[in-house]
$ cat upload37.tsv   # TSV, C-alpha atoms
chain	number	residue	atom	x	y	z
A	1	MET	CA	62.29	239.81	168.62
A	2	ASN	CA	63.77	239.58	172.11
A	3	CYS	CA	65.04	236.58	174.08
A	4	ILE	CA	66.26	236.34	177.69
A	5	ILE	CA	68.66	233.51	178.59
A	6	THR	CA	70.02	232.80	182.06
A	7	GLY	CA	73.22	230.84	182.51
A	8	ALA	CA	74.03	232.17	179.07
A	9	THR	CA	77.82	231.86	178.81
A	10	LYS	CA	78.21	228.10	179.22
A	11	GLY	CA	76.71	224.84	178.07
A	12	ILE	CA	73.10	224.81	176.94
A	13	GLY	CA	72.57	228.52	177.59
A	14	ARG	CA	75.54	229.44	175.44
A	15	ALA	CA	74.39	227.15	172.63
A	16	ALA	CA	70.85	228.56	172.81
A	17	ALA	CA	72.18	232.12	172.62
A	18	LYS	CA	74.11	231.22	169.47
A	19	ILE	CA	71.13	229.75	167.64
A	20	PHE	CA	68.69	232.51	168.65
A	21	ALA	CA	71.23	235.14	167.58
A	22	GLU	CA	71.58	233.40	164.22
A	23	LYS	CA	67.80	233.58	163.87
A	24	GLY	CA	67.88	237.36	164.37
A	25	PHE	CA	66.86	237.71	168.02
A	26	ASN	CA	68.10	240.45	170.29
A	27	LEU	CA	69.44	238.84	173.45
A	28	ALA	CA	69.53	239.58	177.16
A	29	LEU	CA	72.28	237.36	178.49
A	30	VAL	CA	72.47	236.65	182.22
A	31	ALA	CA	75.39	235.01	184.05
A	32	ARG	CA	77.63	235.71	187.02
A	33	ASN	CA	80.90	236.54	185.27
A	34	SER	CA	80.83	239.98	183.63
A	35	GLN	CA	83.92	239.36	181.48
A	36	ASP	CA	82.50	236.11	180.09
A	37	LEU	CA	79.32	237.98	179.22
A	38	GLU	CA	81.15	240.82	177.50
A	39	ASP	CA	83.33	238.42	175.52
A	40	TYR	CA	80.32	236.46	174.32
A	41	LYS	CA	78.39	239.64	173.50
A	42	GLN	CA	81.19	240.75	171.19
A	43	GLU	CA	81.33	237.34	169.55
A	44	LEU	CA	77.58	237.14	168.93
A	45	GLU	CA	77.21	240.70	167.64
A	46	GLY	CA	80.19	240.21	165.36
A	47	ARG	CA	78.76	237.04	163.90
A	48	SER	CA	75.09	238.04	163.59
A	49	ALA	CA	74.78	241.50	162.08
A	50	GLY	CA	71.87	243.65	163.19
A	51	ILE	CA	71.16	242.08	166.56
A	52	ARG	CA	71.71	243.78	169.91
A	53	VAL	CA	73.05	241.86	172.89
A	54	LEU	CA	72.48	243.12	176.44
A	55	THR	CA	74.47	241.63	179.31
A	56	PHE	CA	73.47	241.42	182.96
A	57	PRO	CA	76.02	240.06	185.46
A	58	THR	CA	73.75	238.71	188.18
A	59	ASP	CA	73.91	236.27	191.08
A	60	LEU	CA	70.58	234.53	190.56
A	61	SER	CA	70.74	232.82	193.94
A	62	GLU	CA	69.53	236.08	195.53
A	63	LYS	CA	65.87	236.96	195.10
A	64	GLU	CA	66.36	240.72	195.27
A	65	LYS	CA	68.92	240.57	192.47
A	66	VAL	CA	66.54	238.54	190.31
A	67	LEU	CA	63.80	241.10	190.88
A	68	GLY	CA	66.23	243.90	190.08
A	69	LEU	CA	67.26	242.11	186.90
A	70	SER	CA	63.62	241.90	185.81
A	71	GLU	CA	63.08	245.61	186.25
A	72	LEU	CA	66.32	246.46	184.48
A	73	ILE	CA	65.37	244.36	181.45
A	74	LYS	CA	62.03	246.19	181.31
A	75	THR	CA	63.85	249.51	181.00
A	76	HIS	CA	65.40	248.23	177.75
A	77	TRP	CA	62.57	246.17	176.27
A	78	GLU	CA	58.81	246.64	176.19
A	79	GLU	CA	58.33	243.14	174.77
A	80	VAL	CA	59.87	239.71	175.46
A	81	ASP	CA	59.25	236.88	173.04
A	82	VAL	CA	61.28	234.08	174.65
A	83	LEU	CA	62.49	233.39	178.19
A	84	ILE	CA	64.93	230.52	178.69
A	85	ASN	CA	65.41	229.71	182.37
A	86	ASN	CA	68.63	227.76	182.04
A	87	ALA	CA	70.72	228.78	185.07
A	88	GLY	CA	71.49	225.91	187.40
A	89	ILE	CA	74.09	224.25	189.58
A	90	PHE	CA	74.81	220.65	190.48
A	91	ILE	CA	76.42	219.64	193.77
A	92	GLN	CA	76.94	215.91	194.12
A	93	GLY	CA	76.27	214.22	197.42
A	94	GLU	CA	73.94	212.28	199.67
A	95	MET	CA	71.18	214.16	201.45
A	96	LEU	CA	72.02	212.82	204.90
A	97	THR	CA	75.72	213.59	204.76
A	98	GLU	CA	76.06	216.69	202.56
A	99	GLU	CA	76.97	220.04	204.12
A	100	ASP	CA	74.18	222.09	205.61
A	101	GLY	CA	72.76	224.54	203.09
A	102	VAL	CA	73.44	222.57	199.92
A	103	LEU	CA	69.76	222.00	199.20
A	104	GLU	CA	68.90	225.64	199.87
A	105	ASN	CA	71.71	226.83	197.59
A	106	MET	CA	70.64	224.63	194.69
A	107	MET	CA	66.97	225.45	195.24
A	108	ASN	CA	67.73	229.18	195.03
A	109	VAL	CA	69.50	228.83	191.69
A	110	ASN	CA	67.71	225.88	190.10
A	111	LEU	CA	64.13	226.81	190.99
A	112	TYR	CA	63.59	230.14	192.72
A	113	SER	CA	65.54	232.17	190.16
A	114	ALA	CA	63.29	230.85	187.38
A	115	PHE	CA	60.16	231.29	189.52
A	116	HIS	CA	60.81	234.94	190.35
A	117	LEU	CA	62.08	235.90	186.90
A	118	THR	CA	59.10	234.26	185.24
A	119	ARG	CA	56.60	235.96	187.56
A	120	ASN	CA	58.00	239.31	186.49
A	121	ILE	CA	58.48	238.65	182.76
A	122	ALA	CA	55.50	236.44	181.89
A	123	PRO	CA	52.92	239.23	182.39
A	124	MET	CA	54.55	241.06	179.47
A	125	MET	CA	53.81	238.02	177.31
A	126	VAL	CA	50.27	237.64	178.64
A	127	GLU	CA	49.55	241.25	177.79
A	128	ARG	CA	50.46	240.59	174.15
A	129	GLY	CA	48.88	237.14	174.06
A	130	GLN	CA	52.07	235.49	172.86
A	131	GLY	CA	55.48	234.31	174.04
A	132	HIS	CA	57.37	231.16	174.95
A	133	ILE	CA	58.95	230.14	178.26
A	134	PHE	CA	61.50	227.31	178.43
A	135	ASN	CA	62.46	225.83	181.80
A	136	LEU	CA	65.55	223.63	181.94
A	137	GLY	CA	64.94	220.58	184.04
A	138	SER	CA	66.72	217.26	183.76
A	139	VAL	CA	66.13	213.55	183.51
A	140	ALA	CA	66.51	213.93	187.28
A	141	SER	CA	63.14	215.69	187.12
A	142	LEU	CA	61.65	212.25	186.42
A	143	LYS	CA	63.64	209.80	188.55
A	144	ALA	CA	66.09	209.79	191.43
A	145	TYR	CA	69.80	209.22	190.86
A	146	VAL	CA	72.49	208.04	193.28
A	147	ASP	CA	74.50	210.81	195.00
A	148	SER	CA	72.16	213.47	193.59
A	149	GLY	CA	69.37	213.63	196.16
A	150	SER	CA	69.14	217.37	196.76
A	151	TYR	CA	69.73	218.14	193.09
A	152	THR	CA	66.93	215.75	192.18
A	153	ILE	CA	64.60	217.52	194.61
A	154	THR	CA	65.22	220.84	192.86
A	155	LYS	CA	64.67	219.35	189.41
A	156	PHE	CA	61.47	217.58	190.43
A	157	ALA	CA	60.31	220.96	191.72
A	158	MET	CA	61.29	222.68	188.47
A	159	LEU	CA	59.16	220.26	186.46
A	160	GLY	CA	56.25	220.77	188.83
A	161	PHE	CA	56.56	224.52	188.47
A	162	THR	CA	56.68	224.20	184.70
A	163	ARG	CA	53.61	221.99	184.50
A	164	CYS	CA	51.63	224.37	186.72
A	165	LEU	CA	52.77	227.32	184.63
A	166	ARG	CA	51.67	225.57	181.46
A	167	LEU	CA	48.15	225.14	182.86
A	168	GLU	CA	47.95	228.77	183.95
A	169	LEU	CA	49.07	230.13	180.58
A	170	GLN	CA	47.56	227.71	178.08
A	171	ASN	CA	44.52	229.94	177.48
A	172	LYS	CA	46.55	233.15	177.37
A	173	GLY	CA	48.58	232.54	174.24
A	174	VAL	CA	51.88	231.86	176.05
A	175	LYS	CA	53.66	228.55	175.48
A	176	VAL	CA	55.58	226.74	178.22
A	177	THR	CA	58.06	223.94	177.61
A	178	ALA	CA	60.06	221.78	180.00
A	179	VAL	CA	63.45	220.70	178.63
A	180	LEU	CA	64.71	217.51	180.26
A	181	PRO	CA	68.19	216.56	179.06
A	182	GLY	CA	70.24	213.65	180.28
A	183	SER	CA	73.98	213.90	180.84
A	184	THR	CA	75.09	216.88	178.76
A	185	HIS	CA	78.58	218.22	178.09
A	186	THR	CA	78.34	221.20	180.48
A	187	ALA	CA	80.40	222.60	183.34
A	188	SER	CA	78.90	219.99	185.68
A	189	TRP	CA	81.00	217.32	183.95
A	190	GLU	CA	84.28	219.25	183.78
A	191	GLY	CA	87.19	217.08	184.87
A	192	ALA	CA	85.20	213.85	184.69
A	193	ASP	CA	86.92	210.94	182.98
A	194	ILE	CA	84.09	210.22	180.54
A	195	GLU	CA	84.16	209.62	176.82
A	196	PRO	CA	82.77	212.73	175.07
A	197	GLU	CA	80.39	210.62	173.00
A	198	ARG	CA	78.68	209.49	176.21
A	199	LEU	CA	77.45	213.06	176.76
A	200	ILE	CA	74.88	215.09	174.84
A	201	ASP	CA	76.24	218.01	172.83
A	202	PRO	CA	74.66	221.24	174.23
A	203	ALA	CA	74.09	222.36	170.64
A	204	GLU	CA	71.67	219.47	170.19
A	205	VAL	CA	69.62	220.61	173.19
A	206	ALA	CA	69.61	224.17	171.86
A	207	LYS	CA	68.43	222.89	168.48
A	208	MET	CA	65.48	221.16	170.15
A	209	ILE	CA	64.62	224.36	172.02
A	210	TRP	CA	64.58	226.27	168.74
A	211	ASN	CA	62.48	223.59	167.04
A	212	ALA	CA	59.93	223.75	169.87
A	213	TYR	CA	59.80	227.52	169.55
A	214	ASP	CA	59.47	227.37	165.77
A	215	THR	CA	55.97	225.89	165.79
A	216	GLY	CA	52.62	227.38	164.88
A	217	PRO	CA	50.10	228.88	167.32
A	218	THR	CA	47.94	225.74	167.47
A	219	VAL	CA	50.55	223.54	169.18
A	220	CYS	CA	52.71	223.65	172.31
A	221	ILE	CA	55.48	221.13	172.82
A	222	GLU	CA	55.12	220.67	176.56
A	223	GLU	CA	58.14	218.51	177.35
A	224	ILE	CA	61.37	217.61	175.57
A	225	LEU	CA	63.20	214.54	176.90
A	226	LEU	CA	66.71	213.84	175.61
A	227	ARG	CA	69.20	211.17	176.64
A	228	PRO	CA	72.68	210.21	175.42
A	229	MET	CA	72.45	207.70	172.58
A	230	ARG	CA	73.95	204.98	174.79
A	231	GLY	CA	71.72	205.82	177.75
A	232	ASP	CA	72.12	207.52	181.12
A	233	LEU	CA	75.40	207.57	182.96

$ encode --input "upload37.tsv" --output "structure tokens"
Amino acid sequence: MNCIITGATKGIGRAAAKIFAEKGFNLALVARNSQDLEDYKQELEGRSAGIRVLTFPTDLSEKEKVLGLSELIKTHWEEVDVLINNAGIFIQGEMLTEEDGVLENMMNVNLYSAFHLTRNIAPMMVERGQGHIFNLGSVASLKAYVDSGSYTITKFAMLGFTRCLRLELQNKGVKVTAVLPGSTHTASWEGADIEPERLIDPAEVAKMIWNAYDTGPTVCIEEILLRPMRGDL
């Protein structure tokens, strides 16, 4: 069994890689920092005997690199069982005053990387009549938040993409799930003066992803919404 995870060395992606490795999946880990990838590869292979971890240092903000990544993965694997589009960035600010290009930058990483990677990997699943695609959105996919206008735009778009993809694949045996976590203890919150218990543990999100995957062929969990126990920040 083979699983691709983008944004795989931090936060939710890292936690998802851990649980899928424990379940015996071979992994294709994608992130920007090659040393972080290599370090995590060694850790996962050392902890979960028998799995193989491939690493792909890639800047997912560039379409050509995403397309190249897709083709490179295909040279290693003829089948992909799970694709977790987790890569994303958050840049705080107001739409009318933020620097020019902020929206485009976040759109490239938060939406277009998943769009292009999925278009190249999903046909492998369709051919087999099975597979599962997870797209990481946010509670900001459902409502606007202060100082997060452009980020919210990208996450609304991600949910729209996911819902359209679900409709296109529902009769082809491929499951599609949107994951919509609230404030989660990821790199986006580094340095913030916030009590840890006010943030979701990434391992809890990864557990929900696994649970959604670990269902029978007659059901698809379309959307997973998680919030901190004490509510949004």

$ closest_atom_pairs --input "upload37.tsv" --of "region 62-165 of chain A" --to "region 205-208 of chain A" --cutoff "12 Å" --atoms "only C-alpha atoms" --output "Markdown table"
| residue | atom | partner | partner_atom | distance |
| --- | --- | --- | --- | --- |
| A:Ile84 | CA | A:Ala206 | CA | 10.4 |
| A:Asn86 | CA | A:Ala206 | CA | 10.8 |
| A:Phe134 | CA | A:Ala206 | CA | 10.9 |
| A:Leu136 | CA | A:Val205 | CA | 10.1 |
| A:Gly137 | CA | A:Val205 | CA | 11.8 |
| A:Ser138 | CA | A:Val205 | CA | 11.5 |

$ write_last_selection --input "upload37.tsv" --atoms "C-alpha atoms" --output "PDB file, keeping the file's coordinate frame"
ATOM      1  CA  ILE A  84      64.930 230.520 178.690  1.00  0.00           C
ATOM      2  CA  ASN A  86      68.630 227.760 182.040  1.00  0.00           C
ATOM      3  CA  PHE A 134      61.500 227.310 178.430  1.00  0.00           C
ATOM      4  CA  LEU A 136      65.550 223.630 181.940  1.00  0.00           C
ATOM      5  CA  GLY A 137      64.940 220.580 184.040  1.00  0.00           C
ATOM      6  CA  SER A 138      66.720 217.260 183.760  1.00  0.00           C
TER       7      SER A 138
END

$ closest_residue --input "upload37.tsv" --among "A:Glu222, A:Val30, A:Ile121, A:Tyr151" --to "Leu103 (chain A)" --atoms "all atoms listed in the file"
A:Tyr151

$ closest_residue --input "upload37.tsv" --among "A:Val82, A:Leu169, A:Met106, A:Ala122" --to "Ala212 (chain A)" --atoms "all atoms listed in the file"
A:Val82

$ closest_residue --input "upload37.tsv" --among "A:Gly7, A:Gly50, A:Pro228, A:Gly88" --to "Pro181 (chain A)" --atoms "only C-alpha atoms"
A:Pro228

$ closest_residue --input "upload37.tsv" --among "A:Arg230, A:Arg119, A:Lys172, A:Arg32" --to "Ser61 (chain A)" --atoms "only C-alpha atoms"
A:Arg32

$ residues_around --input "upload37.tsv" --residues "region 63-72 of chain A" --least-positions-apart "4" --cutoff "10 Å" --atoms "all atoms listed in the file" --output "MDAnalysis selection string"
chainID A and resid 30 56:59 76:77 108:109 112:121

$ residues_around --input "upload37.tsv" --residues "Asp39 (chain A)" --least-positions-apart "4" --cutoff "12 Å" --atoms "only C-alpha atoms" --output "number ranges by chain"
A: 8-9, 14, 29, 33-35, 43-46, 53-55

$ residues_around --input "upload37.tsv" --residues "Thr154 (chain A)" --least-positions-apart "4" --cutoff "7 Å" --atoms "only C-alpha atoms" --output "list in words"
Met106, Met107, Asn110, Leu111, Ser150 and Met158 of chain A

$ closest_residue --input "upload37.tsv" --among "A:Val174, A:Leu165, A:Ile153, A:Leu233" --to "Glu195 (chain A)" --atoms "all atoms listed in the file"
A:Leu233

$ closest_residue --input "upload37.tsv" --among "A:Glu168, A:Ser183, A:Val139, A:Met1" --to "Ile224 (chain A)" --atoms "only C-alpha atoms"
A:Val139

$ atom_distance --input "upload37.tsv" --atom1 "CA of Leu180 (chain A)" --atom2 "CA of Lys155 (chain A)"
9.3 Å

$ residues_around --input "upload37.tsv" --residues "Cys3 (chain A)" --least-positions-apart "6" --cutoff "6 Å" --atoms "only C-alpha atoms" --output "PyMOL selection string"
chain A and resi 27+81-83

$ atom_distance --input "upload37.tsv" --atom1 "CA of Leu96 (chain A)" --atom2 "CA of Asp147 (chain A)"
10.4 Å

$ atom_distance --input "upload37.tsv" --atom1 "CA of Val126 (chain A)" --atom2 "CA of Pro217 (chain A)"
14.3 Å
